[in-house]
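**Student:** This structure is in structure tokens; I'll ask about it shortly.
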Amino acid sequence: MLQLPVRVRLKRIAAVGCGAVTVAVISLGTMGQYGGAPAWWEAGSNERMPFSSVFKDSSGDLLIYNTAGDLTSGQHPFFRPLGTNGRGCITCHQLSNGMSVTPEKLQERWLQTTGHDAVFAAVDGSNCPDLPQNDRASHSLLLEKGLFRIQQQWPTEGVTPEFRIEVMRDPTGCNSGKTYGLHAVSPSVSVYRRPRMAANLRYLEAADAFTADSRATTLEAQAQDAFHKHMQGNGNISADDMQSIVAFERQIFVSQGHDDTGGDISSFGAPALLGSWNLARAAALPSGNGMTLANWAGTSNAPENEFRRSVERGSVVFSSRTFAITQTANLKTGKTTQGTCTTCHSERRTGAATTQAWMDIGTSSLPWAGDQKDLPLFKITCDAKATPHPYLGRVIYTNDPGRALITGKCADVGSLVMQQLRALPARAPYFTAGSAKNLRAVVDFYDRRYQARYTEREKQDLVNFLSVL
Ligand code: HEC
Ligand code: HEC
């Protein structure tokens, strides 16, 4: 059952403080949060997760609702180690980072544990398992960009690929070595990706596409994949544990709850689009309303209202400001279209997609992704008979072939499943490879990519809008 938040205003939730004692002034200190849940949650620890938890993030507070009420983690399978390397799901999906994990948090953790936390496990918490694990440099992609290694057997079982892969650059050594890579005894491709939010998943289930390449189409299949790939588990997750994990994923709702300038975002008076409470109770937006926001700002020139007006304008830019969406693969509306951000981020409550979840907007391939020297670079050469990639043709240079690793199709190279846009200030950097270090970099990418020619004010309005979702 959905539980009502008893304390309407965040400031008052904050006043409950770190323990049971009411404190007048909250010092965030190393706790970095106001509720009962820890800022770094270690797998297997017995902690209380209150039905709502609040954490400081880069522009305000993040708010998490667990609609099933308080939870004590001790035996809960999302929170305890499941496989063989001491990691729980919680290890890489931290509450304080909006159920993802950031480089900032990982760097802190590296210092606190001299690199011995389970999150740094050789298997995917290092650039390649055969590197010296005590050396910080061997974990650089995780520590600098929050990227975990994803290893995919190549060719994928049951698939005859339409293309050949060559390794042009291998900065991690994991694509051309003796033990890992295309010429190893069991050939595989390694790519590096950000953890996606393990929250608000009810809204993502309609698309049947989890992870960047949609190798999992259900939450159950995704958890099983995580158990094998990230937790080095043997066999399968038990039926009981699976049920608890998936139930948990469907009952937690995460969004921004408070903005340092704009004030409270998540009380009952907040616009229906905003706040985890609205998200949790599936606030009924009138159909066709897209992701626009109105009537949030009052009439005075208080900084709070100035900010809210900017957010409102940003929501209009997001939904209504058109640009030519060209050179984009797997776009459901066809090859070229005059569109807006909502042409792709159409789902009203999370900004994810409900259909055709993966597409290639250029974040992982040249030229649009830019030359990311810390990542592997693959040359993809497609068969002459294969349907070519719609705008890159038959020779493609990419850091991550994305969906094509699963389908083996030339036209799918670089297509990635889009993410939801919630809780962004808690989980930079953005895009699958963490290539945009902040929200401004995301907006600048689109401005370049689709020649939107946003004015400076439109860019700032968009950034403000994204920062309150
Ligand atoms: C070692 C870190 C790590 C652990 C442990 C981990 N994950 Fe993840 N998770 C990731 C990464 C990285 C991705 C993105 C993978 C990709 O895109 O290929 C991800 C993606 C996901 C997604 C996809 C969300 C979406 O929008 O597509 C879900 C759901 C998820 N994880 C849940 C879980 C669960 C449940 C567990 C425990 C059984 C778990 N994760 C354990 C790192 C981890
Ligand atoms: C043509 C489809 C398309 C359009 C138009 C589009 N997006 Fe995206 N968006 C995507 C895809 C696909 C991804 C995932 C890319 C990746 O993971 O590398 C994404 C990712 C993002 C992310 C990163 C989310 C994360 O968790 O890392 C943000 C933020 C974002 N888009 C905002 C916007 C804004 C703002 C606009 C309008 C200026 C916009 N998008 C227009 C398809 C689109």
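Going by the structure tokens order, chains are called A, B, ..., each with residues numbered from 1, while ligands are numbered from 1 in the order shown.
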For region 441-447 of chain A, work out the shell of residues within 8 Å, counting only C-alpha atoms and skipping chain neighbours fewer than 6 positions away, then give it as a PDB file with all heavy atoms, in the first residue's frame.
**Tutor:**
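Saved the output as selection.pdb:
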```
ATOM      1  N   TYR A 430      26.585  12.117 -17.282  1.00  0.00           N
ATOM      2  CA  TYR A 430      25.454  11.604 -18.044  1.00  0.00           C
ATOM      3  C   TYR A 430      25.856  10.935 -19.356  1.00  0.00           C
ATOM      4  O   TYR A 430      26.980  11.036 -19.804  1.00  0.00           O
ATOM      5  CB  TYR A 430      24.468  12.750 -18.326  1.00  0.00           C
ATOM      6  CG  TYR A 430      24.167  13.514 -17.061  1.00  0.00           C
ATOM      7  CD1 TYR A 430      24.678  14.792 -16.854  1.00  0.00           C
ATOM      8  CD2 TYR A 430      23.424  12.927 -16.035  1.00  0.00           C
ATOM      9  CE1 TYR A 430      24.432  15.477 -15.667  1.00  0.00           C
ATOM     10  CE2 TYR A 430      23.177  13.603 -14.846  1.00  0.00           C
ATOM     11  CZ  TYR A 430      23.682  14.870 -14.671  1.00  0.00           C
ATOM     12  OH  TYR A 430      23.445  15.539 -13.502  1.00  0.00           O
ATOM     13  N   ARG A 453      20.514  25.679 -32.049  1.00  0.00           N
ATOM     14  CA  ARG A 453      20.780  27.120 -31.906  1.00  0.00           C
ATOM     15  C   ARG A 453      19.974  27.741 -30.771  1.00  0.00           C
ATOM     16  O   ARG A 453      19.275  28.743 -30.937  1.00  0.00           O
ATOM     17  CB  ARG A 453      20.504  27.866 -33.220  1.00  0.00           C
ATOM     18  CG  ARG A 453      21.400  27.405 -34.343  1.00  0.00           C
ATOM     19  CD  ARG A 453      21.154  28.190 -35.623  1.00  0.00           C
ATOM     20  NE  ARG A 453      21.516  27.404 -36.795  1.00  0.00           N
ATOM     21  CZ  ARG A 453      22.770  27.174 -37.173  1.00  0.00           C
ATOM     22  NH1 ARG A 453      23.780  27.671 -36.500  1.00  0.00           N
ATOM     23  NH2 ARG A 453      23.024  26.433 -38.236  1.00  0.00           N
ATOM     24  N   TYR A 454      20.075  27.120 -29.628  1.00  0.00           N
ATOM     25  CA  TYR A 454      19.440  27.670 -28.439  1.00  0.00           C
ATOM     26  C   TYR A 454      20.096  28.988 -28.058  1.00  0.00           C
ATOM     27  O   TYR A 454      21.305  29.131 -28.193  1.00  0.00           O
ATOM     28  CB  TYR A 454      19.604  26.718 -27.246  1.00  0.00           C
ATOM     29  CG  TYR A 454      18.788  25.447 -27.318  1.00  0.00           C
ATOM     30  CD1 TYR A 454      19.392  24.207 -27.186  1.00  0.00           C
ATOM     31  CD2 TYR A 454      17.408  25.499 -27.488  1.00  0.00           C
ATOM     32  CE1 TYR A 454      18.643  23.038 -27.224  1.00  0.00           C
ATOM     33  CE2 TYR A 454      16.657  24.335 -27.536  1.00  0.00           C
ATOM     34  CZ  TYR A 454      17.276  23.116 -27.406  1.00  0.00           C
ATOM     35  OH  TYR A 454      16.536  21.972 -27.446  1.00  0.00           O
ATOM     36  N   LYS A 459      19.202  27.760 -22.974  1.00  0.00           N
ATOM     37  CA  LYS A 459      20.080  26.714 -22.413  1.00  0.00           C
ATOM     38  C   LYS A 459      19.969  26.675 -20.889  1.00  0.00           C
ATOM     39  O   LYS A 459      19.839  25.610 -20.295  1.00  0.00           O
ATOM     40  CB  LYS A 459      21.542  26.977 -22.801  1.00  0.00           C
ATOM     41  CG  LYS A 459      21.841  26.683 -24.258  1.00  0.00           C
ATOM     42  CD  LYS A 459      23.337  26.841 -24.527  1.00  0.00           C
ATOM     43  CE  LYS A 459      23.630  26.654 -26.006  1.00  0.00           C
ATOM     44  NZ  LYS A 459      25.045  26.841 -26.319  1.00  0.00           N
ATOM     45  N   LEU A 462      16.664  25.252 -19.818  1.00  0.00           N
ATOM     46  CA  LEU A 462      16.642  23.792 -19.959  1.00  0.00           C
ATOM     47  C   LEU A 462      17.388  23.119 -18.813  1.00  0.00           C
ATOM     48  O   LEU A 462      16.920  22.136 -18.236  1.00  0.00           O
ATOM     49  CB  LEU A 462      17.322  23.387 -21.278  1.00  0.00           C
ATOM     50  CG  LEU A 462      16.447  23.127 -22.497  1.00  0.00           C
ATOM     51  CD1 LEU A 462      17.323  22.741 -23.682  1.00  0.00           C
ATOM     52  CD2 LEU A 462      15.423  22.013 -22.225  1.00  0.00           C
ATOM     53  N   VAL A 463      18.574  23.659 -18.487  1.00  0.00           N
ATOM     54  CA  VAL A 463      19.365  23.099 -17.392  1.00  0.00           C
ATOM     55  C   VAL A 463      18.565  23.156 -16.086  1.00  0.00           C
ATOM     56  O   VAL A 463      18.490  22.178 -15.338  1.00  0.00           O
ATOM     57  CB  VAL A 463      20.719  23.844 -17.246  1.00  0.00           C
ATOM     58  CG1 VAL A 463      21.386  23.521 -15.919  1.00  0.00           C
ATOM     59  CG2 VAL A 463      21.649  23.492 -18.411  1.00  0.00           C
TER      60      VAL A 463
END
```
**Student:** Produce a table with one row for each residue of chain A that has an atom at most 7 Å from any atom of ligand 2, each row naming the nearest atom pair and its distance in Å at one decimal; use only C-alpha atoms and all ligand atoms; arrange rows by chain and rising residue number; format as a Markdown table.
**Tutor:**
```
| residue | atom | partner | partner_atom_place_in_ligand_line | distance |
| --- | --- | --- | --- | --- |
| A:Arg196 | CA | ligand 2 | 26 (O) | 6.8 |
| A:Ala212 | CA | ligand 2 | 17 (O) | 6.7 |
| A:Phe318 | CA | ligand 2 | 37 (C) | 5.7 |
| A:Ile325 | CA | ligand 2 | 1 (C) | 6.1 |
| A:Thr328 | CA | ligand 2 | 1 (C) | 6.2 |
| A:Leu331 | CA | ligand 2 | 1 (C) | 6.4 |
| A:Gly339 | CA | ligand 2 | 5 (C) | 6.7 |
| A:Thr340 | CA | ligand 2 | 5 (C) | 5.6 |
| A:Cys341 | CA | ligand 2 | 37 (C) | 3.6 |
| A:Thr342 | CA | ligand 2 | 5 (C) | 6.7 |
| A:Thr343 | CA | ligand 2 | 5 (C) | 5.8 |
| A:Cys344 | CA | ligand 2 | 2 (C) | 4.3 |
| A:His345 | CA | ligand 2 | 7 (N) | 6.0 |
| A:Trp358 | CA | ligand 2 | 12 (C) | 5.9 |
| A:Met359 | CA | ligand 2 | 12 (C) | 5.1 |
| A:Asp360 | CA | ligand 2 | 12 (C) | 6.0 |
| A:Ile361 | CA | ligand 2 | 12 (C) | 5.7 |
| A:Thr363 | CA | ligand 2 | 18 (O) | 4.7 |
| A:Ser364 | CA | ligand 2 | 18 (O) | 6.4 |
| A:Leu416 | CA | ligand 2 | 12 (C) | 5.7 |
| A:Val417 | CA | ligand 2 | 12 (C) | 5.7 |
| A:Met418 | CA | ligand 2 | 14 (C) | 3.7 |
| A:Gln419 | CA | ligand 2 | 26 (O) | 4.9 |
| A:Gln420 | CA | ligand 2 | 26 (O) | 6.0 |
| A:Leu421 | CA | ligand 2 | 24 (C) | 5.4 |
| A:Leu424 | CA | ligand 2 | 26 (O) | 6.8 |
| A:Pro429 | CA | ligand 2 | 27 (O) | 6.8 |
| A:Tyr430 | CA | ligand 2 | 27 (O) | 3.4 |
| A:Phe431 | CA | ligand 2 | 27 (O) | 3.6 |
| A:Thr432 | CA | ligand 2 | 17 (O) | 3.7 |
| A:Ala433 | CA | ligand 2 | 18 (O) | 6.2 |
| A:Leu439 | CA | ligand 2 | 29 (C) | 6.4 |
| A:Val442 | CA | ligand 2 | 29 (C) | 5.9 |
| A:Val443 | CA | ligand 2 | 35 (C) | 5.6 |
| A:Tyr446 | CA | ligand 2 | 38 (C) | 5.3 |
| A:Asp447 | CA | ligand 2 | 38 (C) | 6.9 |
| A:Leu462 | CA | ligand 2 | 35 (C) | 6.3 |
| A:Leu466 | CA | ligand 2 | 29 (C) | 6.8 |
```
**Student:** If we count only C-alpha atoms and set the cut-off at 9 Å, which residues sit around region 288-304 of chain A, ignoring sequence neighbours fewer than 5 positions away in its own chain? Please answer as a PDB file with C-alpha atoms, in the first residue's frame.
**Tutor:**
```
ATOM      1  CA  ASP A 260      18.663  25.311  -3.271  1.00  0.00           C
ATOM      2  CA  THR A 261      17.149  28.320  -5.069  1.00  0.00           C
ATOM      3  CA  GLY A 262      13.696  27.170  -6.175  1.00  0.00           C
ATOM      4  CA  GLY A 263      12.725  25.695  -2.806  1.00  0.00           C
ATOM      5  CA  GLY A 269       1.344  21.791  -3.712  1.00  0.00           C
ATOM      6  CA  ALA A 270       4.080  20.929  -6.259  1.00  0.00           C
ATOM      7  CA  PRO A 271       3.198  20.666  -9.944  1.00  0.00           C
ATOM      8  CA  ALA A 272       2.034  17.168 -10.875  1.00  0.00           C
ATOM      9  CA  LEU A 273       5.122  16.537 -12.977  1.00  0.00           C
ATOM     10  CA  LEU A 274       7.536  17.073 -10.093  1.00  0.00           C
ATOM     11  CA  ARG A 309       9.837  30.863 -13.927  1.00  0.00           C
ATOM     12  CA  VAL A 311      12.059  26.081 -14.932  1.00  0.00           C
ATOM     13  CA  GLU A 312       8.635  26.714 -16.475  1.00  0.00           C
ATOM     14  CA  ARG A 313      10.230  28.243 -19.570  1.00  0.00           C
ATOM     15  CA  GLY A 314      12.647  25.304 -19.665  1.00  0.00           C
ATOM     16  CA  SER A 315       9.764  22.855 -19.721  1.00  0.00           C
ATOM     17  CA  VAL A 316       8.335  24.692 -22.724  1.00  0.00           C
ATOM     18  CA  VAL A 317      11.708  24.631 -24.496  1.00  0.00           C
ATOM     19  CA  PHE A 318      11.905  20.894 -23.739  1.00  0.00           C
ATOM     20  CA  SER A 319       8.445  20.130 -25.153  1.00  0.00           C
ATOM     21  CA  SER A 320       7.897  22.776 -27.818  1.00  0.00           C
ATOM     22  CA  THR A 342       9.924  15.109 -26.184  1.00  0.00           C
ATOM     23  CA  SER A 346       8.086  11.080 -24.481  1.00  0.00           C
ATOM     24  CA  GLU A 347       7.090   9.280 -21.334  1.00  0.00           C
ATOM     25  CA  ARG A 348       5.456  11.877 -19.164  1.00  0.00           C
ATOM     26  CA  ARG A 349       6.503  10.781 -15.747  1.00  0.00           C
ATOM     27  CA  GLY A 351      11.177  11.262 -19.623  1.00  0.00           C
TER      28      GLY A 351
END
```
**Student:** To one decimal in Å, tell me the separation between CA of Pro390 (chain A) and CA of Gln327 (chain A).
**Tutor:**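 These two atoms are separated by 7.3 Å.
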**Student:** Hey, what does DSSP flag as helix (DSSP H, G or I) within region 194-438 of chain A? Can you give it to me as number ranges by chain?
**Tutor:** A: 201-203, 205-207, 219-229, 239-251, 276-280, 303-320, 341-344, 404-407, 410-412, 424-426
**Student:** Show which residues sit within 12 Å of Ala247 (chain A), as a PyMOL selection string. Count only C-alpha atoms, and ignore same-chain residues fewer than 4 positions away.
**Tutor:** chain A and resi 66-68+76-78+198-202+219-220+223+240-243+251-252
**Student:** Quick one: write out the picked residues with N, CA, C and O atoms as a PDB file, in the first residue's frame?
**Tutor:**
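Final file, result.pdb:
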```pdb
ATOM      1  N   ASN A  66       9.981   4.999  -0.480  1.00  0.00           N
ATOM      2  CA  ASN A  66       9.770   3.561  -0.554  1.00  0.00           C
ATOM      3  C   ASN A  66       8.313   3.364  -0.179  1.00  0.00           C
ATOM      4  O   ASN A  66       7.961   3.424   0.997  1.00  0.00           O
ATOM      5  N   THR A  67       7.471   3.156  -1.169  1.00  0.00           N
ATOM      6  CA  THR A  67       6.029   3.184  -0.924  1.00  0.00           C
ATOM      7  C   THR A  67       5.543   2.019  -0.063  1.00  0.00           C
ATOM      8  O   THR A  67       4.419   2.041   0.423  1.00  0.00           O
ATOM      9  N   ALA A  68       6.402   1.015   0.139  1.00  0.00           N
ATOM     10  CA  ALA A  68       5.988  -0.091   1.007  1.00  0.00           C
ATOM     11  C   ALA A  68       6.293   0.215   2.469  1.00  0.00           C
ATOM     12  O   ALA A  68       6.045  -0.600   3.344  1.00  0.00           O
ATOM     13  N   HIS A  76      17.413  -8.385   3.310  1.00  0.00           N
ATOM     14  CA  HIS A  76      16.767  -8.093   2.028  1.00  0.00           C
ATOM     15  C   HIS A  76      17.731  -8.327   0.863  1.00  0.00           C
ATOM     16  O   HIS A  76      18.849  -7.814   0.866  1.00  0.00           O
ATOM     17  N   PRO A  77      17.301  -9.114  -0.134  1.00  0.00           N
ATOM     18  CA  PRO A  77      18.232  -9.509  -1.199  1.00  0.00           C
ATOM     19  C   PRO A  77      18.726  -8.364  -2.093  1.00  0.00           C
ATOM     20  O   PRO A  77      19.700  -8.555  -2.818  1.00  0.00           O
ATOM     21  N   PHE A  78      18.077  -7.202  -2.078  1.00  0.00           N
ATOM     22  CA  PHE A  78      18.634  -6.085  -2.846  1.00  0.00           C
ATOM     23  C   PHE A  78      19.876  -5.544  -2.124  1.00  0.00           C
ATOM     24  O   PHE A  78      20.762  -4.957  -2.729  1.00  0.00           O
ATOM     25  N   ALA A 198      18.133   2.291 -10.500  1.00  0.00           N
ATOM     26  CA  ALA A 198      17.265   1.156 -10.171  1.00  0.00           C
ATOM     27  C   ALA A 198      16.086   1.705  -9.361  1.00  0.00           C
ATOM     28  O   ALA A 198      15.932   1.419  -8.176  1.00  0.00           O
ATOM     29  N   ALA A 199      15.284   2.547  -9.994  1.00  0.00           N
ATOM     30  CA  ALA A 199      14.125   3.175  -9.339  1.00  0.00           C
ATOM     31  C   ALA A 199      13.150   3.670 -10.411  1.00  0.00           C
ATOM     32  O   ALA A 199      13.532   3.755 -11.578  1.00  0.00           O
ATOM     33  N   ASN A 200      11.951   3.972  -9.995  1.00  0.00           N
ATOM     34  CA  ASN A 200      10.903   4.439 -10.929  1.00  0.00           C
ATOM     35  C   ASN A 200      10.697   3.429 -12.056  1.00  0.00           C
ATOM     36  O   ASN A 200      10.266   3.775 -13.152  1.00  0.00           O
ATOM     37  N   LEU A 201      11.037   2.176 -11.792  1.00  0.00           N
ATOM     38  CA  LEU A 201      11.104   1.205 -12.881  1.00  0.00           C
ATOM     39  C   LEU A 201       9.727   0.786 -13.392  1.00  0.00           C
ATOM     40  O   LEU A 201       9.599   0.300 -14.509  1.00  0.00           O
ATOM     41  N   ARG A 202       8.697   1.051 -12.581  1.00  0.00           N
ATOM     42  CA  ARG A 202       7.342   0.770 -13.071  1.00  0.00           C
ATOM     43  C   ARG A 202       7.062   1.467 -14.379  1.00  0.00           C
ATOM     44  O   ARG A 202       6.353   0.964 -15.230  1.00  0.00           O
ATOM     45  N   LEU A 219      12.565  -7.128 -15.683  1.00  0.00           N
ATOM     46  CA  LEU A 219      13.343  -6.854 -14.472  1.00  0.00           C
ATOM     47  C   LEU A 219      13.990  -8.137 -13.947  1.00  0.00           C
ATOM     48  O   LEU A 219      15.101  -8.121 -13.433  1.00  0.00           O
ATOM     49  N   GLU A 220      13.290  -9.248 -14.105  1.00  0.00           N
ATOM     50  CA  GLU A 220      13.834 -10.521 -13.630  1.00  0.00           C
ATOM     51  C   GLU A 220      15.096 -10.883 -14.417  1.00  0.00           C
ATOM     52  O   GLU A 220      16.124 -11.247 -13.849  1.00  0.00           O
ATOM     53  N   ALA A 223      17.973  -8.670 -13.407  1.00  0.00           N
ATOM     54  CA  ALA A 223      18.580  -9.010 -12.117  1.00  0.00           C
ATOM     55  C   ALA A 223      19.465 -10.257 -12.241  1.00  0.00           C
ATOM     56  O   ALA A 223      20.554 -10.327 -11.666  1.00  0.00           O
ATOM     57  N   ASP A 240      12.422 -16.743  -4.347  1.00  0.00           N
ATOM     58  CA  ASP A 240      11.994 -15.833  -3.279  1.00  0.00           C
ATOM     59  C   ASP A 240      12.761 -14.520  -3.329  1.00  0.00           C
ATOM     60  O   ASP A 240      12.181 -13.433  -3.209  1.00  0.00           O
ATOM     61  N   ASP A 241      14.088 -14.627  -3.478  1.00  0.00           N
ATOM     62  CA  ASP A 241      14.913 -13.418  -3.554  1.00  0.00           C
ATOM     63  C   ASP A 241      14.518 -12.577  -4.766  1.00  0.00           C
ATOM     64  O   ASP A 241      14.424 -11.354  -4.691  1.00  0.00           O
ATOM     65  N   MET A 242      14.268 -13.253  -5.875  1.00  0.00           N
ATOM     66  CA  MET A 242      13.901 -12.531  -7.096  1.00  0.00           C
ATOM     67  C   MET A 242      12.628 -11.734  -6.884  1.00  0.00           C
ATOM     68  O   MET A 242      12.535 -10.561  -7.261  1.00  0.00           O
ATOM     69  N   GLN A 243      11.672 -12.378  -6.218  1.00  0.00           N
ATOM     70  CA  GLN A 243      10.397 -11.704  -5.977  1.00  0.00           C
ATOM     71  C   GLN A 243      10.612 -10.442  -5.124  1.00  0.00           C
ATOM     72  O   GLN A 243      10.044  -9.389  -5.423  1.00  0.00           O
ATOM     73  N   GLN A 251       8.657  -0.465  -6.129  1.00  0.00           N
ATOM     74  CA  GLN A 251       8.031   0.339  -5.072  1.00  0.00           C
ATOM     75  C   GLN A 251       8.885   1.535  -4.681  1.00  0.00           C
ATOM     76  O   GLN A 251       8.514   2.275  -3.788  1.00  0.00           O
ATOM     77  N   ILE A 252      10.045   1.743  -5.328  1.00  0.00           N
ATOM     78  CA  ILE A 252      10.791   2.924  -4.938  1.00  0.00           C
ATOM     79  C   ILE A 252      10.799   3.984  -6.040  1.00  0.00           C
ATOM     80  O   ILE A 252      10.963   3.696  -7.216  1.00  0.00           O
TER      81      ILE A 252
END
```
**Student:** Name the residues in contact with His228 (chain A) at a cut-off of 12 Å, using only C-alpha atoms, excluding same-chain residues fewer than 4 positions from it; report them as a PyMOL selection string.
**Tutor:** chain A and resi 82-85+87+89+123-124+150-151+221-224+232-237
**Student:** Could you write those residues out with N, CA, C and O atoms, as an mmCIF file, in the first residue's frame?
**Tutor:**
```cif
data_model
loop_
_atom_site.group_PDB
_atom_site.id
_atom_site.type_symbol
_atom_site.label_atom_id
_atom_site.label_comp_id
_atom_site.auth_asym_id
_atom_site.auth_seq_id
_atom_site.Cartn_x
_atom_site.Cartn_y
_atom_site.Cartn_z
ATOM 1 N N LEU A 82 24.921 -11.217 -2.856
ATOM 2 C CA LEU A 82 24.213 -12.373 -3.416
ATOM 3 C C LEU A 82 25.146 -13.355 -4.106
ATOM 4 O O LEU A 82 24.935 -14.546 -4.096
ATOM 5 N N GLY A 83 26.158 -12.832 -4.733
ATOM 6 C CA GLY A 83 27.047 -13.710 -5.504
ATOM 7 C C GLY A 83 28.259 -14.090 -4.690
ATOM 8 O O GLY A 83 28.150 -14.439 -3.513
ATOM 9 N N THR A 84 29.447 -14.017 -5.302
ATOM 10 C CA THR A 84 30.664 -14.482 -4.642
ATOM 11 C C THR A 84 31.645 -13.358 -4.317
ATOM 12 O O THR A 84 32.681 -13.597 -3.726
ATOM 13 N N ASN A 85 31.332 -12.099 -4.733
ATOM 14 C CA ASN A 85 32.344 -11.046 -4.538
ATOM 15 C C ASN A 85 31.952 -9.972 -3.507
ATOM 16 O O ASN A 85 32.537 -8.900 -3.478
ATOM 17 N N ARG A 87 29.354 -8.147 -3.222
ATOM 18 C CA ARG A 87 28.505 -7.041 -3.645
ATOM 19 C C ARG A 87 27.027 -7.360 -3.530
ATOM 20 O O ARG A 87 26.596 -8.486 -3.790
ATOM 21 N N CYS A 89 23.112 -5.542 -4.783
ATOM 22 C CA CYS A 89 22.629 -4.604 -5.807
ATOM 23 C C CYS A 89 22.914 -3.178 -5.319
ATOM 24 O O CYS A 89 23.276 -2.303 -6.096
ATOM 25 N N VAL A 123 36.526 -7.857 -11.519
ATOM 26 C CA VAL A 123 35.713 -8.313 -12.652
ATOM 27 C C VAL A 123 35.197 -7.176 -13.536
ATOM 28 O O VAL A 123 35.285 -7.241 -14.757
ATOM 29 N N ASP A 124 34.678 -6.098 -12.918
ATOM 30 C CA ASP A 124 34.152 -4.995 -13.736
ATOM 31 C C ASP A 124 34.351 -3.639 -13.056
ATOM 32 O O ASP A 124 34.030 -2.610 -13.626
ATOM 33 N N ILE A 150 31.452 -3.845 -19.021
ATOM 34 C CA ILE A 150 30.435 -4.820 -19.402
ATOM 35 C C ILE A 150 31.069 -5.702 -20.473
ATOM 36 O O ILE A 150 31.472 -5.214 -21.529
ATOM 37 N N GLN A 151 31.160 -6.987 -20.163
ATOM 38 C CA GLN A 151 31.787 -7.914 -21.111
ATOM 39 C C GLN A 151 30.713 -8.715 -21.823
ATOM 40 O O GLN A 151 29.854 -9.316 -21.194
ATOM 41 N N ALA A 221 15.006 -10.778 -15.751
ATOM 42 C CA ALA A 221 16.162 -11.121 -16.599
ATOM 43 C C ALA A 221 17.318 -10.178 -16.306
ATOM 44 O O ALA A 221 18.486 -10.576 -16.272
ATOM 45 N N GLN A 222 17.001 -8.908 -16.051
ATOM 46 C CA GLN A 222 18.046 -7.932 -15.752
ATOM 47 C C GLN A 222 18.751 -8.300 -14.442
ATOM 48 O O GLN A 222 19.975 -8.270 -14.362
ATOM 49 N N ALA A 223 17.973 -8.670 -13.407
ATOM 50 C CA ALA A 223 18.580 -9.010 -12.117
ATOM 51 C C ALA A 223 19.465 -10.257 -12.241
ATOM 52 O O ALA A 223 20.554 -10.327 -11.666
ATOM 53 N N GLN A 224 18.995 -11.213 -13.020
ATOM 54 C CA GLN A 224 19.780 -12.433 -13.239
ATOM 55 C C GLN A 224 21.104 -12.098 -13.942
ATOM 56 O O GLN A 224 22.166 -12.609 -13.573
ATOM 57 N N GLN A 232 29.242 -12.071 -9.843
ATOM 58 C CA GLN A 232 29.936 -13.341 -10.046
ATOM 59 C C GLN A 232 29.217 -14.485 -9.347
ATOM 60 O O GLN A 232 29.835 -15.313 -8.672
ATOM 61 N N GLY A 233 27.887 -14.475 -9.486
ATOM 62 C CA GLY A 233 27.074 -15.502 -8.841
ATOM 63 C C GLY A 233 27.057 -16.795 -9.647
ATOM 64 O O GLY A 233 27.164 -16.779 -10.869
ATOM 65 N N ASN A 234 26.932 -17.895 -8.929
ATOM 66 C CA ASN A 234 26.778 -19.195 -9.599
ATOM 67 C C ASN A 234 25.312 -19.579 -9.568
ATOM 68 O O ASN A 234 24.602 -19.253 -8.624
ATOM 69 N N GLY A 235 24.861 -20.308 -10.565
ATOM 70 C CA GLY A 235 23.454 -20.707 -10.615
ATOM 71 C C GLY A 235 22.572 -19.498 -10.858
ATOM 72 O O GLY A 235 22.926 -18.616 -11.636
ATOM 73 N N ASN A 236 21.448 -19.454 -10.164
ATOM 74 C CA ASN A 236 20.508 -18.354 -10.360
ATOM 75 C C ASN A 236 20.072 -17.753 -9.031
ATOM 76 O O ASN A 236 20.190 -18.397 -7.999
ATOM 77 N N ILE A 237 19.522 -16.539 -9.080
ATOM 78 C CA ILE A 237 18.906 -15.943 -7.896
ATOM 79 C C ILE A 237 17.683 -16.803 -7.543
ATOM 80 O O ILE A 237 16.923 -17.176 -8.449
#
```
**Student:** Taking the DSSP assignment computed from this structure's backbone, write out as a ChimeraX atom specification all residues of region 33-130 of chain A that belong to strand (DSSP E or B).
**Tutor:** /A:33,48-49,52-56,60-66,71-72,94,100
**Student:** With a distance cut-off of 10 Å and only C-alpha atoms, select the neighbouring residues of Gly158 (chain A), excluding the residue or stretch itself and same-chain residues fewer than 5 positions from it, and output the selection as a PyMOL selection string.
**Tutor:** chain A and resi 406-408
**Student:** Out of A:Asp70, A:Asp374, A:Asp208, A:Asp135, which residue has the shortest atom-to-atom distance to Gly173 (chain A) when counting only C-alpha atoms?
**Tutor:**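 For Gly173 (chain A), the nearest of the candidates is A:Asp374.
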**Student:** Could you check the closest approach to ligand 1 for each of A:Pro187, A:Gly146, A:Gly257, A:Gly370 and tell me which residue wins, using only C-alpha atoms and all ligand atoms?
**Tutor:**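 The answer is A:Gly146, which sits nearest to ligand 1.
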**Student:** What's the separation between CA of Asn278 (chain A) and CA of Leu469 (chain A), in Å to one decimal place?
**Tutor:**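 Going from CA of Asn278 (chain A) over to CA of Leu469 (chain A), I get 11.2 Å.
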**Student:** Given only C-alpha atoms and all ligand atoms as the basis, pick out the residue of A:Lys385, A:Arg448, A:Arg250, A:Arg394 nearest to ligand 1.
**Tutor:** A:Arg250
**Student:** Between atom 9 (N, counted along the ligand's line) of ligand 1 and CA of Asp117 (chain A), what is the spacing in Å?
**Tutor:** 17.0 Å
**Student:** Tell me which of A:Arg321, A:Arg403, A:His230, A:Lys379 sits closest to ligand 1, counting only C-alpha atoms and all ligand atoms.
**Tutor:** A:His230
**Student:** So that I can see what lies close to region 44-53 of chain A, please list as a list in words the residues with an atom at most 6 Å from it, counting only C-alpha atoms and leaving out residues fewer than 3 positions away in the same chain.
**Tutor:**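 The residues satisfying every condition are Gly35, Ala37, Leu63, Ile64, Tyr65, Asn66, Gly69, Asp70, Leu71, Thr72, Ser73, Gly74, Arg80 and Pro81 of chain A.
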